[in-house]
Amino acid sequence: SESSTIVVSTEGRVGRIQLNRPKALNALNQQLMEEVVSAAVTFDSDPGVGAILLLGSDKAFAAGADIKEMAQQDYPEMYAADWFRRWEDLAQLRTPIVAAVKGYALGGGCELAMMADVIVAGESATFGQPEINLGVIPGMGGSQRLTRSVGKAKAMDMVLTGRHIGADEAERIGLVSRVVPDDQATSTAEEVAELIATKSKPAAQMAKEAVAASFETTLQQGLRLERRLFHSLFALADQAEGMSAFAEKRGPEWRHR
Ligand code: HXC
């Protein structure tokens, strides 16, 4: 196996994971999956980390699952390994995840980006689910998260034709949060992650939980969960502090960061 497929660091309260297989356009092999998810799980349980930043390279965020590695697999091996299941551990984390996407985010790369909570795209970003051209279909959430994000019309278009879309279309259809010039994508994503990491951590985690629940629940169940989470925040010092700080026209000093 390669030495390491990622570069991990912490800056202030932001945990940073950079995909680092640039010659393979950050193709997501099994080693990279394990390393990214392990690093993210570690950040998630670190009280000093308030947001996770996920970065690729300039030419590619990630050009998909590693086709050369997958080509070796047969059905019993894929089934036994429950191939791609480990990525769900990333999607289930409570810490907000911000991704900066420059260049290709195809197949598993697009699906990985969609596991982030906020996607900042550079103008060069290219999204697509081209698996159909390999005789397969999305396997890391593309048929589910993409459809929930952009709706049936655009998801069917992308998944059935495999066509790539640019950053502007991605923003128009609701796949990404913001589009910025390429040379500002990383710094903007850093700023977003740093800003989220300044908030009350349980409030940010519950905000993520509530929005994420809308993908899985009925409206009534989701609204009830939202109210219960809202009520529960009144058990924490940060609610009193945030509201006092507003009345006193000063910035809040969160206890729970
Ligand atoms: C393994 C990959 C790769 C991938 C690129 N590379 N994508 N290796 N898996 N997904 C490798 C190339 O083989 C090449 O290695 C090097 O990265 C540079 O890529 P090039 O093709 O030479 O670059 P370029 O001509 O600029 O084309 C870029 C590209 C093209 C358009 C992104 O690489 C491409 O189409 N890649 C595959 C995109 C794709 O189909 N993704 C979905 C994967 S399936 P060498 O050694 O030759 O230099 C997927 C499935 C998920 O994600 C679940 C369902 C199974």
# chains A, B, ... in the order shown; residues from 1 in each chain; ligands from 1
$ residues_near_ligand --ligand "ligand 1" --cutoff "7 Å" --atoms "only C-alpha atoms and all ligand atoms" --output "list in words"
Lys23, Ala24, Leu25, Ala27, Ala63, Gly64, Ala65, Asp66, Ile67, Lys68, Tyr104, Leu106, Gly107, Gly108, Gly109, Gln129, Pro130, Glu131, Leu134, Val136, Ile137, Pro138, Gly139 and Met140 of chain A
$ residues_around --residues "Glu11 of chain A" --least-positions-apart "3" --cutoff "10 Å" --atoms "only C-alpha atoms" --output "list in words"
Val14, Gly15, Arg16, Val49, Glu190 and Glu194 of chain A
$ select_by_dssp --residues "segment 118-222 of chain A" --states "strand (DSSP E)" --output "PyMOL selection string"
chain A and resi 118-122+126-128+165-166+178-180
$ write_last_selection --atoms "C-alpha atoms" --output "compact mmCIF listing (two decimals), in the first residue's frame"
# COMPACT_ATOMS: atom_id res chain seq x y z
CA VAL A 118 -21.35 22.87 2.84
CA ILE A 119 -19.73 22.63 -0.60
CA VAL A 120 -17.68 25.59 -1.83
CA ALA A 121 -16.97 25.13 -5.54
CA GLY A 122 -14.26 26.80 -7.56
CA THR A 126 -17.00 19.69 -12.68
CA PHE A 127 -19.57 17.35 -11.18
CA GLY A 128 -20.96 14.15 -12.65
CA ILE A 165 -22.05 19.73 -15.18
CA GLY A 166 -20.09 22.87 -14.39
CA ARG A 178 -21.34 28.73 -3.24
CA VAL A 179 -19.20 29.26 -6.35
CA VAL A 180 -16.05 31.38 -6.10
$ select_by_dssp --residues "segment 42-161 of chain A" --states "alpha helix (DSSP H)" --output "JSON, numbers by chain"
{"A": [42, 43, 44, 67, 68, 69, 70, 75, 76, 77, 78, 79, 80, 81, 87, 88, 89, 90, 91, 108, 109, 110, 111, 112, 113, 114, 115, 142, 143, 144, 145, 146, 147, 148, 149, 150, 152, 153, 154, 155, 156, 157, 158, 159, 160, 161]}
$ atom_distance --atom1 "atom CA of Phe234 of chain A" --atom2 "atom CA of Lys201 of chain A"
14.0 Å
$ decode --residues "segment 42-88 of chain A" --atoms "N, CA and C atoms" --output "short mmCIF file (atom, residue, chain, number, x, y, z; two decimals), in the first residue's frame"
data_model
loop_
_atom_site.label_atom_id
_atom_site.label_comp_id
_atom_site.auth_asym_id
_atom_site.auth_seq_id
_atom_site.Cartn_x
_atom_site.Cartn_y
_atom_site.Cartn_z
N THR A 42 -11.79 10.61 14.13
CA THR A 42 -10.96 11.12 15.22
C THR A 42 -11.27 12.60 15.48
N PHE A 43 -11.37 13.39 14.42
CA PHE A 43 -11.73 14.80 14.59
C PHE A 43 -13.10 14.93 15.25
N ASP A 44 -14.02 14.07 14.83
CA ASP A 44 -15.40 14.17 15.32
C ASP A 44 -15.47 13.97 16.83
N SER A 45 -14.55 13.18 17.37
CA SER A 45 -14.61 12.93 18.82
C SER A 45 -13.66 13.85 19.59
N ASP A 46 -13.06 14.81 18.90
CA ASP A 46 -12.13 15.75 19.55
C ASP A 46 -12.89 17.00 19.95
N PRO A 47 -13.01 17.29 21.25
CA PRO A 47 -13.77 18.48 21.66
C PRO A 47 -13.15 19.77 21.16
N GLY A 48 -11.88 19.75 20.77
CA GLY A 48 -11.23 20.95 20.24
C GLY A 48 -11.51 21.21 18.77
N VAL A 49 -12.25 20.32 18.13
CA VAL A 49 -12.54 20.50 16.70
C VAL A 49 -14.01 20.84 16.52
N GLY A 50 -14.28 21.99 15.89
CA GLY A 50 -15.65 22.42 15.67
C GLY A 50 -16.13 22.29 14.24
N ALA A 51 -15.20 22.02 13.32
CA ALA A 51 -15.59 21.81 11.92
C ALA A 51 -14.48 21.04 11.23
N ILE A 52 -14.86 20.28 10.21
CA ILE A 52 -13.89 19.50 9.43
C ILE A 52 -13.87 20.06 8.01
N LEU A 53 -12.65 20.27 7.52
CA LEU A 53 -12.45 20.81 6.16
C LEU A 53 -11.94 19.68 5.29
N LEU A 54 -12.57 19.48 4.15
CA LEU A 54 -12.19 18.40 3.23
C LEU A 54 -11.73 19.02 1.92
N LEU A 55 -10.48 18.74 1.57
CA LEU A 55 -9.88 19.37 0.39
C LEU A 55 -9.37 18.32 -0.59
N GLY A 56 -9.40 18.66 -1.89
CA GLY A 56 -8.78 17.83 -2.91
C GLY A 56 -7.56 18.53 -3.47
N SER A 57 -7.32 18.35 -4.77
CA SER A 57 -6.21 19.02 -5.44
C SER A 57 -6.79 20.05 -6.42
N ASP A 58 -5.91 20.72 -7.15
CA ASP A 58 -6.40 21.74 -8.09
C ASP A 58 -7.12 21.10 -9.28
N LYS A 59 -6.54 20.03 -9.84
CA LYS A 59 -7.14 19.43 -11.04
C LYS A 59 -8.34 18.56 -10.70
N ALA A 60 -8.33 18.00 -9.50
CA ALA A 60 -9.43 17.12 -9.13
C ALA A 60 -9.68 17.16 -7.64
N PHE A 61 -10.94 17.31 -7.27
CA PHE A 61 -11.33 17.00 -5.89
C PHE A 61 -11.18 15.49 -5.75
N ALA A 62 -11.85 14.74 -6.60
CA ALA A 62 -11.64 13.29 -6.72
C ALA A 62 -12.37 12.83 -7.97
N ALA A 63 -11.64 12.05 -8.82
CA ALA A 63 -12.22 11.59 -10.10
C ALA A 63 -12.98 10.29 -9.93
N GLY A 64 -13.34 9.94 -8.69
CA GLY A 64 -14.21 8.79 -8.50
C GLY A 64 -13.58 7.70 -7.70
N ALA A 65 -14.35 6.65 -7.48
CA ALA A 65 -13.80 5.43 -6.89
C ALA A 65 -12.67 4.95 -7.80
N ASP A 66 -11.71 4.22 -7.23
CA ASP A 66 -10.54 3.78 -8.01
C ASP A 66 -10.95 2.65 -8.94
N ILE A 67 -11.04 2.98 -10.24
CA ILE A 67 -11.56 2.03 -11.22
C ILE A 67 -10.62 0.84 -11.36
N LYS A 68 -9.30 1.11 -11.27
CA LYS A 68 -8.34 0.00 -11.44
C LYS A 68 -8.46 -0.99 -10.29
N GLU A 69 -8.71 -0.49 -9.10
CA GLU A 69 -8.88 -1.38 -7.94
C GLU A 69 -10.21 -2.15 -8.04
N MET A 70 -11.27 -1.42 -8.43
CA MET A 70 -12.58 -2.08 -8.50
C MET A 70 -12.62 -3.15 -9.57
N ALA A 71 -11.86 -2.91 -10.65
CA ALA A 71 -11.90 -3.85 -11.77
C ALA A 71 -11.49 -5.25 -11.36
N GLN A 72 -10.70 -5.37 -10.29
CA GLN A 72 -10.21 -6.66 -9.81
C GLN A 72 -11.27 -7.43 -9.01
N GLN A 73 -12.33 -6.77 -8.59
CA GLN A 73 -13.26 -7.38 -7.64
C GLN A 73 -14.31 -8.21 -8.34
N ASP A 74 -14.75 -9.26 -7.65
CA ASP A 74 -15.92 -9.98 -8.14
C ASP A 74 -17.07 -9.82 -7.13
N TYR A 75 -18.22 -10.34 -7.49
CA TYR A 75 -19.40 -10.12 -6.65
C TYR A 75 -19.22 -10.63 -5.23
N PRO A 76 -18.74 -11.89 -5.01
CA PRO A 76 -18.59 -12.35 -3.62
C PRO A 76 -17.67 -11.46 -2.80
N GLU A 77 -16.60 -10.97 -3.39
CA GLU A 77 -15.68 -10.10 -2.65
C GLU A 77 -16.34 -8.76 -2.31
N MET A 78 -17.01 -8.18 -3.28
CA MET A 78 -17.68 -6.89 -3.03
C MET A 78 -18.75 -7.02 -1.96
N TYR A 79 -19.50 -8.12 -2.06
CA TYR A 79 -20.59 -8.31 -1.09
C TYR A 79 -20.01 -8.56 0.30
N ALA A 80 -18.97 -9.41 0.37
CA ALA A 80 -18.39 -9.75 1.67
C ALA A 80 -17.80 -8.50 2.34
N ALA A 81 -17.16 -7.66 1.55
CA ALA A 81 -16.54 -6.45 2.11
C ALA A 81 -17.57 -5.35 2.32
N ASP A 82 -18.79 -5.54 1.83
CA ASP A 82 -19.81 -4.49 1.79
C ASP A 82 -19.17 -3.21 1.26
N TRP A 83 -18.58 -3.36 0.07
CA TRP A 83 -17.78 -2.34 -0.59
C TRP A 83 -18.43 -0.96 -0.50
N PHE A 84 -17.70 0.04 -0.05
CA PHE A 84 -18.14 1.44 0.11
C PHE A 84 -18.89 1.70 1.42
N ARG A 85 -19.23 0.66 2.22
CA ARG A 85 -20.03 0.91 3.41
C ARG A 85 -19.34 1.85 4.41
N ARG A 86 -18.01 1.75 4.47
CA ARG A 86 -17.27 2.55 5.44
C ARG A 86 -17.51 4.05 5.26
N TRP A 87 -17.79 4.46 4.00
CA TRP A 87 -18.05 5.89 3.78
C TRP A 87 -19.23 6.39 4.60
N GLU A 88 -20.17 5.48 4.91
CA GLU A 88 -21.34 5.93 5.69
C GLU A 88 -20.93 6.45 7.06
#
